[in-house]
$ cat final.cif   # mmCIF, C-alpha atoms and all ligand atoms
data_model
#
loop_
_atom_site.label_atom_id
_atom_site.label_comp_id
_atom_site.auth_asym_id
_atom_site.auth_seq_id
_atom_site.Cartn_x
_atom_site.Cartn_y
_atom_site.Cartn_z
CA MET U 306 99.55 91.69 125.96
CA LYS U 307 100.55 91.55 122.30
CA LYS U 308 97.81 92.16 119.73
CA LYS U 309 97.10 89.23 117.41
CA VAL U 310 97.29 90.06 113.70
CA VAL U 311 96.45 88.21 110.46
CA ILE U 312 97.53 89.35 106.99
CA LEU U 313 95.63 87.87 104.06
CA GLY U 314 97.96 88.50 101.10
CA SER U 315 101.08 89.26 103.18
CA THR U 316 103.50 89.01 100.23
CA GLY U 317 101.79 91.71 98.16
CA SER U 318 102.27 95.45 98.05
CA ILE U 319 99.74 96.22 100.83
CA GLY U 320 100.70 93.13 102.83
CA LYS U 321 104.38 94.04 102.81
CA SER U 322 103.65 97.64 103.80
CA LEU U 323 101.68 96.45 106.82
CA PHE U 324 104.39 93.91 107.62
CA SER U 325 107.04 96.65 107.75
CA ILE U 326 104.86 98.75 110.10
CA LEU U 327 104.45 95.75 112.41
CA LYS U 328 108.20 95.05 112.27
CA ASN U 329 108.81 98.52 113.72
CA ASP U 330 106.58 97.68 116.67
CA LYS U 331 107.38 93.99 117.26
CA ASP U 332 106.88 94.20 121.02
CA ASN U 333 103.21 94.98 120.59
CA PHE U 334 102.17 92.54 117.86
CA GLU U 335 102.05 88.81 117.28
CA ILE U 336 101.30 87.54 113.77
CA TYR U 337 98.98 84.58 113.94
CA LEU U 338 98.47 83.78 110.26
CA LEU U 339 100.01 84.88 106.97
CA THR U 340 98.78 83.91 103.51
CA ALA U 341 100.20 84.02 100.00
CA ASN U 342 99.56 82.44 96.62
CA SER U 343 102.96 81.45 95.22
CA ASN U 344 105.66 83.74 96.66
CA TYR U 345 106.93 81.25 99.24
CA LYS U 346 110.35 82.94 99.50
CA GLU U 347 108.88 86.22 100.78
CA LEU U 348 106.50 84.27 103.02
CA LEU U 349 109.43 82.35 104.54
CA LYS U 350 111.23 85.61 105.37
CA GLN U 351 108.12 86.94 107.10
CA VAL U 352 107.50 83.68 108.98
CA LYS U 353 111.02 83.77 110.43
CA ILE U 354 110.89 87.41 111.54
CA PHE U 355 107.65 87.02 113.52
CA LYS U 356 107.88 83.27 114.33
CA VAL U 357 104.48 82.78 112.67
CA LYS U 358 102.76 79.50 113.53
CA ASN U 359 100.14 79.32 110.77
CA ILE U 360 100.46 79.90 107.03
CA ILE U 361 98.20 79.36 104.04
CA ILE U 362 99.78 79.12 100.60
CA THR U 363 97.31 78.39 97.83
CA ASN U 364 99.55 77.53 94.87
CA LYS U 365 100.14 73.72 94.89
CA LEU U 366 103.81 73.82 93.86
CA ALA U 367 104.67 76.58 96.32
CA PHE U 368 102.81 74.64 99.04
CA ILE U 369 104.92 71.52 98.39
CA LYS U 370 108.15 73.56 98.33
CA ILE U 371 107.46 75.38 101.59
CA GLN U 372 106.39 72.14 103.30
CA LYS U 373 109.77 70.61 102.43
CA ILE U 374 111.69 73.64 103.67
CA LEU U 375 109.79 73.86 106.96
CA ILE U 376 109.64 70.11 107.61
CA ASN U 377 111.40 70.38 110.97
CA GLU U 378 109.52 73.44 112.20
CA LYS U 379 106.36 73.44 114.30
CA ILE U 380 104.38 75.48 111.76
CA ASN U 381 100.91 74.60 110.48
CA ILE U 382 100.95 74.86 106.69
CA TYR U 383 97.68 74.85 104.78
CA ASN U 384 96.78 74.93 101.11
CA ASP U 385 93.34 76.53 101.06
CA PHE U 386 91.14 79.01 102.84
CA ASN U 387 88.80 76.34 104.30
CA SER U 388 91.54 75.93 106.90
CA ILE U 389 90.65 79.32 108.44
CA ASN U 390 87.92 77.42 110.31
CA LYS U 391 90.51 74.93 111.62
CA ILE U 392 93.03 77.55 112.74
CA PHE U 393 90.64 79.67 114.78
CA GLN U 394 88.06 78.56 117.31
CA LYS U 395 86.66 81.83 118.59
CA LYS U 396 86.84 85.60 118.16
CA GLU U 397 90.52 85.79 118.99
CA ILE U 398 92.22 88.02 116.39
CA ASP U 399 92.58 91.73 117.13
CA TYR U 400 93.27 92.94 113.59
CA VAL U 401 92.99 91.39 110.12
CA MET U 402 94.22 92.99 106.92
CA SER U 403 92.39 91.68 103.82
CA ALA U 404 94.86 92.38 101.00
CA ILE U 405 94.57 89.57 98.48
CA SER U 406 94.19 90.90 94.94
CA GLY U 407 91.09 90.36 92.82
CA PHE U 408 87.96 88.27 93.34
CA ASN U 409 89.91 85.58 95.23
CA GLY U 410 89.97 87.85 98.29
CA LEU U 411 86.23 87.46 98.92
CA LYS U 412 86.11 83.95 100.38
CA PRO U 413 88.90 84.40 102.98
CA THR U 414 87.56 87.84 103.91
CA LEU U 415 84.11 86.42 104.60
CA SER U 416 85.52 83.39 106.41
CA ILE U 417 87.63 85.37 108.86
CA ILE U 418 85.18 88.09 109.98
CA LYS U 419 83.71 85.94 112.76
CA PHE U 420 87.16 85.41 114.28
CA CYS U 421 88.30 89.04 114.44
CA LYS U 422 87.58 92.20 116.39
CA LYS U 423 88.65 94.53 113.59
CA ILE U 424 89.08 93.98 109.84
CA ALA U 425 90.77 96.42 107.50
CA ILE U 426 89.80 95.69 103.88
CA ALA U 427 92.04 96.78 101.02
CA ASN U 428 90.64 94.14 98.65
CA LYS U 429 88.07 96.31 96.87
CA GLU U 430 86.85 93.43 94.69
CA SER U 431 85.45 91.61 97.73
CA ILE U 432 83.57 94.76 98.79
CA ILE U 433 82.18 95.23 95.27
CA CYS U 434 80.99 91.62 94.85
CA GLY U 435 80.09 90.70 98.40
CA TRP U 436 79.38 93.84 100.40
CA SER U 437 75.87 92.75 101.42
CA LEU U 438 77.30 89.48 102.82
CA ILE U 439 80.29 91.21 104.44
CA LYS U 440 78.10 93.87 106.05
CA LYS U 441 75.71 91.28 107.44
CA SER U 442 78.56 89.28 108.92
CA LEU U 443 80.23 92.41 110.39
CA LYS U 444 76.98 93.30 112.12
CA TYR U 445 76.23 89.77 113.33
CA ASN U 446 79.74 89.24 114.68
CA LYS U 447 80.16 92.80 116.00
CA THR U 448 83.39 93.18 114.02
CA GLN U 449 84.73 96.68 113.33
CA PHE U 450 85.45 97.50 109.68
CA ILE U 451 87.88 100.03 108.24
CA PRO U 452 88.31 100.59 104.49
CA VAL U 453 91.97 100.84 103.43
CA ASP U 454 91.71 101.96 99.81
CA SER U 455 93.15 105.47 100.27
CA GLU U 456 90.09 107.33 98.96
CA HIS U 457 87.72 105.29 101.10
CA PHE U 458 89.88 105.55 104.18
CA SER U 459 89.83 109.33 103.66
CA ILE U 460 86.04 109.48 103.20
CA TRP U 461 85.62 107.26 106.27
CA SER U 462 87.90 109.57 108.29
CA LEU U 463 86.14 112.73 107.11
CA LEU U 464 82.68 111.39 107.87
CA GLU U 465 83.42 110.35 111.46
CA ASN U 466 79.96 110.23 113.01
CA LEU U 467 78.18 112.21 110.31
CA LYS U 468 75.20 110.63 108.58
CA ASN U 469 75.36 109.98 104.82
CA ASN U 470 72.21 112.08 104.27
CA SER U 471 74.28 115.17 105.11
CA ILE U 472 76.36 114.58 101.96
CA GLU U 473 75.73 116.39 98.70
CA LYS U 474 78.66 114.98 96.74
CA VAL U 475 81.74 112.83 97.24
CA TYR U 476 84.57 113.27 94.76
CA ILE U 477 86.87 110.31 94.22
CA THR U 478 90.25 111.59 93.08
CA ALA U 479 92.08 109.91 90.19
CA SER U 480 95.70 110.53 89.22
CA GLY U 481 94.85 109.77 85.58
CA GLY U 482 97.38 106.92 85.57
CA PRO U 483 100.29 106.53 83.15
CA PHE U 484 98.25 107.44 80.05
CA ARG U 485 96.54 110.69 81.06
CA LYS U 486 98.42 112.55 78.32
CA TYR U 487 99.54 109.64 76.11
CA PRO U 488 98.42 109.97 72.44
CA LEU U 489 95.13 108.13 71.97
CA SER U 490 96.27 106.90 68.53
CA LYS U 491 99.01 104.85 70.25
CA PHE U 492 96.78 103.17 72.87
CA LYS U 493 96.61 99.93 70.84
CA SER U 494 100.34 99.37 71.21
CA ILE U 495 100.52 99.90 75.00
CA THR U 496 102.44 96.98 76.53
CA PRO U 497 102.06 95.51 80.04
CA THR U 498 105.44 97.05 81.02
CA MET U 499 104.19 100.51 80.03
CA ALA U 500 100.85 100.06 81.79
CA LEU U 501 102.48 98.81 85.00
CA LYS U 502 104.44 102.06 85.43
CA HIS U 503 102.16 104.19 87.56
CA PRO U 504 103.37 107.79 87.89
CA ASN U 505 102.63 108.15 91.63
CA TRP U 506 101.96 104.81 93.30
CA SER U 507 103.85 101.55 93.58
CA MET U 508 101.22 98.79 93.66
CA GLY U 509 100.51 95.18 92.67
CA LYS U 510 100.10 94.30 88.98
CA LYS U 511 96.32 93.91 88.89
CA ILE U 512 95.51 97.30 90.45
CA SER U 513 98.21 98.98 88.35
CA ILE U 514 96.53 97.81 85.13
CA ASP U 515 93.14 98.85 86.53
CA SER U 516 94.62 102.29 87.18
CA ALA U 517 95.86 102.51 83.60
CA THR U 518 92.41 101.66 82.14
CA MET U 519 90.63 103.74 84.84
CA MET U 520 88.68 100.63 85.87
CA ASN U 521 90.17 101.22 89.31
CA LYS U 522 88.09 104.41 89.62
CA VAL U 523 84.95 102.64 88.37
CA PHE U 524 85.57 100.10 91.12
CA GLU U 525 86.19 102.84 93.69
CA ILE U 526 82.90 104.56 92.88
CA ILE U 527 81.06 101.25 93.34
CA GLU U 528 83.07 100.57 96.50
CA ALA U 529 82.22 103.99 97.98
CA LYS U 530 78.58 103.63 97.03
CA LYS U 531 78.38 100.36 98.96
CA ILE U 532 80.47 101.20 102.02
CA PHE U 533 78.87 104.62 102.66
CA ASN U 534 75.41 103.69 101.38
CA LEU U 535 75.33 106.50 98.82
CA SER U 536 73.67 106.69 95.42
CA TYR U 537 75.65 106.95 92.20
CA ASN U 538 74.56 110.56 91.62
CA GLN U 539 76.29 111.52 94.88
CA LEU U 540 79.62 110.26 93.54
CA GLU U 541 81.95 111.67 90.92
CA ILE U 542 85.48 111.02 89.68
CA ILE U 543 87.79 114.02 89.54
CA VAL U 544 91.33 114.00 88.14
CA HIS U 545 94.06 115.17 90.50
CA PRO U 546 97.42 114.22 88.91
CA HIS U 547 99.55 114.64 92.07
CA SER U 548 97.56 112.12 94.15
CA TYR U 549 97.88 113.78 97.54
CA LEU U 550 94.26 114.85 97.78
CA HIS U 551 92.38 111.65 98.60
CA ALA U 552 88.81 112.71 99.18
CA ILE U 553 86.59 115.75 98.79
CA ILE U 554 83.18 115.76 100.44
CA LYS U 555 80.66 118.54 99.85
CA PHE U 556 78.05 118.65 102.60
CA ASN U 557 74.48 119.97 102.39
CA ASN U 558 75.33 122.64 105.00
CA GLY U 559 77.76 124.44 102.66
CA LEU U 560 80.94 122.94 104.12
CA THR U 561 83.46 121.09 101.98
CA LYS U 562 86.04 118.84 103.63
CA LEU U 563 89.23 117.58 102.03
CA LEU U 564 91.65 114.96 103.23
CA ILE U 565 95.25 115.20 102.16
CA HIS U 566 98.27 112.99 102.77
CA ASP U 567 101.43 111.91 101.03
CA THR U 568 101.16 109.29 98.27
CA ASN U 569 102.05 106.44 100.55
CA MET U 570 99.65 103.58 101.31
CA LYS U 571 101.38 103.11 104.65
CA ILE U 572 99.37 106.11 105.90
CA PRO U 573 95.87 104.58 105.61
CA ILE U 574 97.27 101.16 106.64
CA PHE U 575 98.97 102.64 109.74
CA ASN U 576 95.82 104.52 110.72
CA SER U 577 93.64 101.45 110.33
CA LEU U 578 95.97 99.57 112.66
CA TYR U 579 96.37 102.27 115.28
CA SER U 580 92.98 103.94 114.94
CA ASP U 581 92.66 104.32 118.69
CA SER U 582 96.04 105.79 119.55
CA TYR U 583 98.28 108.74 118.77
CA LYS U 584 101.24 106.79 117.43
CA LYS U 585 103.77 108.57 115.23
CA ILE U 586 104.22 107.21 111.71
CA LYS U 587 107.74 106.74 110.32
CA SER U 588 106.95 108.27 106.96
CA GLU U 589 107.54 111.39 104.96
CA LYS U 590 105.03 114.12 105.85
CA LEU U 591 103.34 116.12 103.12
CA SER U 592 104.98 119.43 102.35
CA LEU U 593 102.36 122.18 102.50
CA LYS U 594 103.99 123.84 99.49
CA LYS U 595 102.39 121.12 97.38
CA LEU U 596 98.99 122.58 98.16
CA ASN U 597 99.68 125.71 96.12
CA ASN U 598 98.41 123.95 93.06
CA LEU U 599 95.70 121.32 93.35
CA ASN U 600 95.18 120.99 89.57
CA LEU U 601 91.75 119.41 89.47
CA GLU U 602 90.46 118.31 86.04
CA LYS U 603 87.41 116.57 84.56
CA ILE U 604 87.95 112.98 83.46
CA ASP U 605 88.39 112.41 79.70
CA LYS U 606 85.75 109.81 78.88
CA LYS U 607 87.01 109.25 75.32
CA ARG U 608 90.39 108.24 76.66
CA PHE U 609 88.89 106.08 79.38
CA PRO U 610 85.66 104.60 77.94
CA LEU U 611 85.07 102.35 80.96
CA VAL U 612 84.10 105.40 83.02
CA GLU U 613 81.07 106.00 80.79
CA PHE U 614 79.72 102.69 81.96
CA LEU U 615 79.12 104.05 85.47
CA ASP U 616 76.13 106.05 84.17
CA LYS U 617 74.32 102.78 83.48
CA LEU U 618 74.66 101.30 86.96
CA LYS U 619 71.62 100.93 89.19
CA ASN U 620 71.73 101.65 92.91
CA ASN U 621 70.74 98.18 94.15
CA ASN U 622 73.25 95.52 95.30
CA SER U 623 73.26 92.87 92.60
CA LEU U 624 75.18 89.95 91.12
CA PHE U 625 76.01 92.20 88.16
CA GLU U 626 78.91 93.61 90.21
CA THR U 627 80.38 90.09 90.27
CA VAL U 628 80.12 89.96 86.48
CA ILE U 629 82.07 93.25 86.26
CA VAL U 630 84.82 92.13 88.67
CA ALA U 631 85.18 88.62 87.21
CA ALA U 632 85.28 89.81 83.60
CA ASN U 633 87.83 92.49 84.42
CA ASP U 634 90.02 90.11 86.53
CA CYS U 635 90.14 87.76 83.57
CA LEU U 636 90.87 90.45 80.95
CA VAL U 637 93.68 91.98 83.04
CA LYS U 638 95.26 88.52 83.34
CA LEU U 639 95.00 87.98 79.56
CA PHE U 640 96.59 91.39 78.92
CA LEU U 641 99.46 90.69 81.36
CA GLU U 642 100.01 87.37 79.55
CA LYS U 643 100.12 89.39 76.28
CA LYS U 644 97.15 87.45 74.86
CA ILE U 645 95.05 90.58 74.26
CA LYS U 646 95.80 94.26 73.53
CA PHE U 647 95.42 97.08 76.06
CA THR U 648 92.40 98.45 74.18
CA ASP U 649 90.81 94.97 74.15
CA ILE U 650 90.33 95.21 77.93
CA SER U 651 87.73 97.99 77.69
CA ARG U 652 86.32 96.73 74.36
CA ILE U 653 85.64 93.17 75.57
CA LEU U 654 84.56 94.33 79.03
CA LEU U 655 81.94 96.75 77.65
CA LYS U 656 80.73 94.11 75.17
CA THR U 657 80.37 91.53 77.96
CA LEU U 658 78.53 93.89 80.27
CA ASN U 659 76.05 94.70 77.51
CA MET U 660 75.17 91.06 76.86
CA THR U 661 71.55 90.17 77.77
CA GLU U 662 72.86 87.00 79.40
CA PHE U 663 74.69 89.12 81.97
CA LYS U 664 72.43 92.17 82.17
CA LYS U 665 69.80 90.00 83.88
CA TYR U 666 72.05 89.81 86.96
CA LYS U 667 71.33 93.51 87.61
CA LYS U 668 68.04 92.40 89.16
CA ILE U 669 69.36 89.50 91.23
CA ALA U 670 70.68 90.12 94.75
CA PRO U 671 73.69 88.10 95.95
CA LYS U 672 72.61 85.44 98.45
CA ASN U 673 75.73 83.51 99.35
CA ILE U 674 79.38 83.00 98.49
CA ASN U 675 78.76 79.80 96.47
CA GLN U 676 76.36 81.56 94.13
CA ILE U 677 78.83 84.47 93.66
CA THR U 678 81.79 82.12 93.07
CA LYS U 679 79.83 80.02 90.57
CA LEU U 680 78.92 83.11 88.56
CA SER U 681 82.49 84.43 88.71
CA ASN U 682 83.82 81.10 87.36
CA TYR U 683 81.24 81.11 84.57
CA VAL U 684 82.13 84.67 83.52
CA SER U 685 85.86 83.81 83.45
CA LEU U 686 85.17 80.82 81.23
CA LYS U 687 83.05 82.92 78.88
CA ILE U 688 85.70 85.67 78.62
CA ASN U 689 88.47 83.16 77.95
CA ASN U 690 86.41 81.64 75.15
CA MET U 691 85.55 85.06 73.70
CA SER U 692 89.12 86.30 73.59
CA VAL U 693 90.79 83.32 71.85
P1 LIG L 701 99.56 92.41 95.05
O1 LIG L 701 99.36 91.76 93.73
O2 LIG L 701 100.81 93.15 95.30
O3 LIG L 701 99.44 91.28 96.21
C1 LIG L 701 98.39 90.39 96.25
C2 LIG L 701 98.53 89.43 97.42
O4 LIG L 701 97.49 88.45 97.31
C3 LIG L 701 99.84 88.64 97.41
O5 LIG L 701 100.16 88.27 98.72
C4 LIG L 701 99.48 87.40 96.59
O6 LIG L 701 100.32 86.29 96.82
C5 LIG L 701 98.07 87.15 97.12
N1 LIG L 701 97.22 86.45 96.15
C6 LIG L 701 96.98 86.77 94.88
N2 LIG L 701 96.16 85.89 94.30
C7 LIG L 701 95.87 84.97 95.24
C8 LIG L 701 95.09 83.79 95.27
N3 LIG L 701 94.45 83.35 94.18
N4 LIG L 701 95.01 83.10 96.41
C9 LIG L 701 95.68 83.51 97.52
N5 LIG L 701 96.44 84.61 97.57
C10 LIG L 701 96.53 85.32 96.45
O7 LIG L 701 98.29 93.31 95.31
P2 LIG L 701 98.18 94.70 96.12
O8 LIG L 701 98.82 94.54 97.46
O9 LIG L 701 98.59 95.81 95.26
O10 LIG L 701 96.62 94.83 96.29
C11 LIG L 701 95.87 94.03 97.20
C12 LIG L 701 94.43 94.51 97.23
O11 LIG L 701 94.41 95.83 97.77
C13 LIG L 701 93.78 94.61 95.84
O12 LIG L 701 92.44 94.25 95.91
C14 LIG L 701 93.92 96.09 95.48
O13 LIG L 701 92.91 96.54 94.63
C15 LIG L 701 93.80 96.73 96.85
N6 LIG L 701 94.48 98.03 96.94
C16 LIG L 701 95.83 98.11 96.73
C17 LIG L 701 96.48 99.32 96.76
C18 LIG L 701 97.97 99.42 96.58
O14 LIG L 701 98.52 100.51 96.72
N7 LIG L 701 98.66 98.35 96.29
C19 LIG L 701 95.74 100.57 97.01
C20 LIG L 701 94.33 100.38 97.25
C21 LIG L 701 93.74 99.15 97.21
P3 LIG L 701 101.68 86.07 95.95
O15 LIG L 701 102.59 87.20 96.33
O16 LIG L 701 102.18 84.76 96.39
O17 LIG L 701 101.26 86.12 94.51
MG MG L 702 92.43 103.89 95.71
#

$ encode --input "final.cif" --output "structure tokens" --more "lines below"
Ligand code: NDP
Ligand code: MG
Amino acid sequence: MKKKVVILGSTGSIGKSLFSILKNDKDNFEIYLLTANSNYKELLKQVKIFKVKNIIITNKLAFIKIQKILINEKINIYNDFNSINKIFQKKEIDYVMSAISGFNGLKPTLSIIKFCKKIAIANKESIICGWSLIKKSLKYNKTQFIPVDSEHFSIWSLLENLKNNSIEKVYITASGGPFRKYPLSKFKSITPTMALKHPNWSMGKKISIDSATMMNKVFEIIEAKKIFNLSYNQLEIIVHPHSYLHAIIKFNNGLTKLLIHDTNMKIPIFNSLYSDSYKKIKSEKLSLKKLNNLNLEKIDKKRFPLVEFLDKLKNNNSLFETVIVAANDCLVKLFLEKKIKFTDISRILLKTLNMTEFKKYKKIAPKNINQITKLSNYVSLKINNMSV
């Protein structure tokens, strides 16, 4: 029997990578639901290839356009994520990929857990803001979880059945992004086009900007802390410009494990899909010659001031993580729209996170999605007002 798959964010970088893996193995998979925001053209292509019967497209205009195009087809077309509860009745999906970008990934991720046997989560923002809710739902619904962010997939693979109290330190590797060596005096004039050019990875716009500011690594430390139940002093960022070393774990017993693979997100995606088989991936394999020079460096905190902020984080799960994600989502959008400078992202973000109004959320635990969404909307409003 074919396995039933759902891709949340199928038209994005991660979504398309998964789609191409599934296309190579069409006899074994059926796609039950695809979702996008506005890219209806890409969605249409995907729908045709897999004869998909359910789609969610959140942008109003794109929704109207796709409805007109598919008027004679027997396809259920929805405009919001509340429809997840209409599409599915029971635990019937074998594999879900959560790959929407930014905070908007949280609601659909939480909504779909009860309907799936396994969920692979690439959307780090949902883990950062809503991990306590996600974890509770995974446990309640007996749904298997696999992290897809390459560093977290690697840590997860290295740990296997080991307990987190056997860990001395986990190093999260960072390429250093496009501005690792760029003159600091020119940072103010960095344009979105420059910041979107990552030296090693091809990714969506939001995560590319986060990689340029190093916010992506701040997020990945928080993400690892939550998923593996570690404390911040067990986690450290280390610069590895070639990006083929994805995780280093030092254990209390003197062993250190590394996980290495080519800079291709298809590798963690493929392994999250086929975690219980010995399938062969159609991808370039890492040349061992590359291991002659690992080139590990300390992170330059002057260049990437957002990293300094990690020292101030407390170990509890709190609503403050939502403030961080929402403020950053909003600032990245403003930068991409050329409304603020590159250096304004870290300046305004650090200013916001130091405001008493927001610091109080460090002591408040997230209770439900409505409370998290309300706070996220409030933070966005505040940032938009601050930056004009
Ligand atoms: P992209 O920007 O390439 O794709 C995002 C996807 O989400 C698209 O399908 C997009 O639709 C959809 N989307 C965006 N906003 C909304 C919204 N408001 N409502 C509904 N759908 C929406 O992102 P990536 O694939 O690069 O990243 C996805 C997630 O995975 C992010 O959280 C990122 O941090 C994480 N990740 C990505 C990596 C990568 O290599 N790309 C690596 C590790 C983690 P549309 O196309 O119509 O806009
Ligand atoms: Mg990563």

$ residues_near_ligand --input "final.cif" --ligand "ligand LIG 701 (chain L)" --cutoff "6 Å" --atoms "all atoms listed in the file" --output "short mmCIF file (atom, residue, chain, number, x, y, z; two decimals) with C-alpha atoms, keeping the file's coordinate frame"
data_model
loop_
_atom_site.label_atom_id
_atom_site.label_comp_id
_atom_site.auth_asym_id
_atom_site.auth_seq_id
_atom_site.Cartn_x
_atom_site.Cartn_y
_atom_site.Cartn_z
CA GLY U 314 97.96 88.50 101.10
CA SER U 315 101.08 89.26 103.18
CA THR U 316 103.50 89.01 100.23
CA GLY U 317 101.79 91.71 98.16
CA SER U 318 102.27 95.45 98.05
CA ILE U 319 99.74 96.22 100.83
CA GLY U 320 100.70 93.13 102.83
CA ALA U 341 100.20 84.02 100.00
CA ASN U 342 99.56 82.44 96.62
CA SER U 343 102.96 81.45 95.22
CA ASN U 344 105.66 83.74 96.66
CA THR U 363 97.31 78.39 97.83
CA ALA U 404 94.86 92.38 101.00
CA ILE U 405 94.57 89.57 98.48
CA SER U 406 94.19 90.90 94.94
CA GLY U 407 91.09 90.36 92.82
CA ASN U 409 89.91 85.58 95.23
CA ALA U 427 92.04 96.78 101.02
CA ASN U 428 90.64 94.14 98.65
CA LYS U 429 88.07 96.31 96.87
CA GLU U 430 86.85 93.43 94.69
CA ASP U 454 91.71 101.96 99.81
CA MET U 508 101.22 98.79 93.66
CA GLY U 509 100.51 95.18 92.67
CA LYS U 510 100.10 94.30 88.98
CA ILE U 512 95.51 97.30 90.45
CA MET U 570 99.65 103.58 101.31
#

$ closest_residue --input "final.cif" --among "U:Ser681, U:Thr648, U:Asn359, U:Asn690" --to "U:Ser490" --atoms "all atoms listed in the file"
U:Thr648

$ closest_atom_pairs --input "final.cif" --of "stretch 370-433 of chain U" --to "stretch 659-674 of chain U" --cutoff "10 Å" --atoms "only C-alpha atoms" --output "JSON lines"
{"residue": "U:Leu411", "atom": "CA", "partner": "U:Ile674", "partner_atom": "CA", "distance": 8.2}
{"residue": "U:Lys412", "atom": "CA", "partner": "U:Ile674", "partner_atom": "CA", "distance": 7.1}
{"residue": "U:Leu415", "atom": "CA", "partner": "U:Ile674", "partner_atom": "CA", "distance": 8.4}

$ write_last_selection --input "final.cif" --atoms "C-alpha atoms" --output "PDB file, keeping the file's coordinate frame"
ATOM      1  CA  LEU U 411      86.230  87.460  98.920  1.00  0.00           C
ATOM      2  CA  LYS U 412      86.110  83.950 100.380  1.00  0.00           C
ATOM      3  CA  LEU U 415      84.110  86.420 104.600  1.00  0.00           C
TER       4      LEU U 415
END

$ residues_near_ligand --input "final.cif" --ligand "ligand MG 702 (chain L)" --cutoff "8 Å" --atoms "only C-alpha atoms and all ligand atoms" --output "list in words"
Asp454, Ser455, Glu456, His457, Asn521, Lys522 and Glu525 of chain U

$ residues_near_point --input "final.cif" --point "(93.4, 98.4, 76.5)" --cutoff "8 Å" --atoms "all atoms listed in the file" --output "PyMOL selection string"
chain U and resi 492-493+495+518+646-652

$ closest_residue --input "final.cif" --among "U:Asn470, U:Thr627, U:Asn505, U:Thr448" --to "U:Leu658" --atoms "all atoms listed in the file"
U:Thr627

$ closest_residue --input "final.cif" --among "U:Lys555, U:Lys606, U:Lys356, U:Lys396" --to "U:Glu378" --atoms "only C-alpha atoms"
U:Lys356

$ atom_distance --input "final.cif" --atom1 "atom CA of U:Ala479" --atom2 "atom CA of U:Ile543"
6.0 Å

$ atom_distance --input "final.cif" --atom1 "atom CA of U:Phe484" --atom2 "atom CA of U:Asp567"
21.7 Å

$ residues_around --input "final.cif" --residues "U:Val475" --least-positions-apart "5" --cutoff "8 Å" --atoms "all atoms listed in the file" --output "PyMOL selection string"
chain U and resi 539-541+552-555

$ axis_aligned_box --input "final.cif" --around "stretch 371-381 of chain U" --padding-each-side "4 Å" --output "AutoDock Vina command-line options"
--center_x 106.3 --center_y 72.8 --center_z 107.9 --size_x 18.8 --size_y 13.4 --size_z 20.7

$ atom_distance --input "final.cif" --atom1 "atom CA of U:Val630" --atom2 "atom CA of U:Ile472"
27.4 Å

$ residues_around --input "final.cif" --residues "U:Asn390" --least-positions-apart "4" --cutoff "12 Å" --atoms "all atoms listed in the file" --output "list in words"
Tyr383, Asp385, Phe386, Gln394, Lys395, Lys396, Pro413, Leu415, Ser416, Ile417, Ile418, Lys419 and Phe420 of chain U

$ closest_residue --input "final.cif" --among "U:Thr478, U:Asn689, U:Ser516, U:Asn364" --to "U:Ile645" --atoms "all atoms listed in the file"
U:Asn689

$ residues_around --input "final.cif" --residues "U:Phe524" --least-positions-apart "3" --cutoff "10 Å" --atoms "only C-alpha atoms" --output "PyMOL selection string"
chain U and resi 429-430+432-433+515+519-521+527-530+612+615+626+629-630

$ write_last_selection --input "final.cif" --atoms "C-alpha atoms" --output "tab-separated table (two decimals), in the frame of the given file"
chain	number	residue	atom	x	y	z
U	429	LYS	CA	88.07	96.31	96.87
U	430	GLU	CA	86.85	93.43	94.69
U	432	ILE	CA	83.57	94.76	98.79
U	433	ILE	CA	82.18	95.23	95.27
U	515	ASP	CA	93.14	98.85	86.53
U	519	MET	CA	90.63	103.74	84.84
U	520	MET	CA	88.68	100.63	85.87
U	521	ASN	CA	90.17	101.22	89.31
U	527	ILE	CA	81.06	101.25	93.34
U	528	GLU	CA	83.07	100.57	96.50
U	529	ALA	CA	82.22	103.99	97.98
U	530	LYS	CA	78.58	103.63	97.03
U	612	VAL	CA	84.10	105.40	83.02
U	615	LEU	CA	79.12	104.05	85.47
U	626	GLU	CA	78.91	93.61	90.21
U	629	ILE	CA	82.07	93.25	86.26
U	630	VAL	CA	84.82	92.13	88.67

$ residues_around --input "final.cif" --residues "U:His503" --least-positions-apart "5" --cutoff "8 Å" --atoms "only C-alpha atoms" --output "list in words"
Gly482, Pro483, Ser513, Ser516 and Ala517 of chain U

$ closest_residue --input "final.cif" --among "U:Lys643, U:Leu686, U:Ser480, U:Ile426" --to "U:Leu599" --atoms "all atoms listed in the file"
U:Ser480

$ closest_residue --input "final.cif" --among "U:Glu602, U:Lys365, U:Asn329, U:Arg608" --to "U:Lys491" --atoms "all atoms listed in the file"
U:Arg608
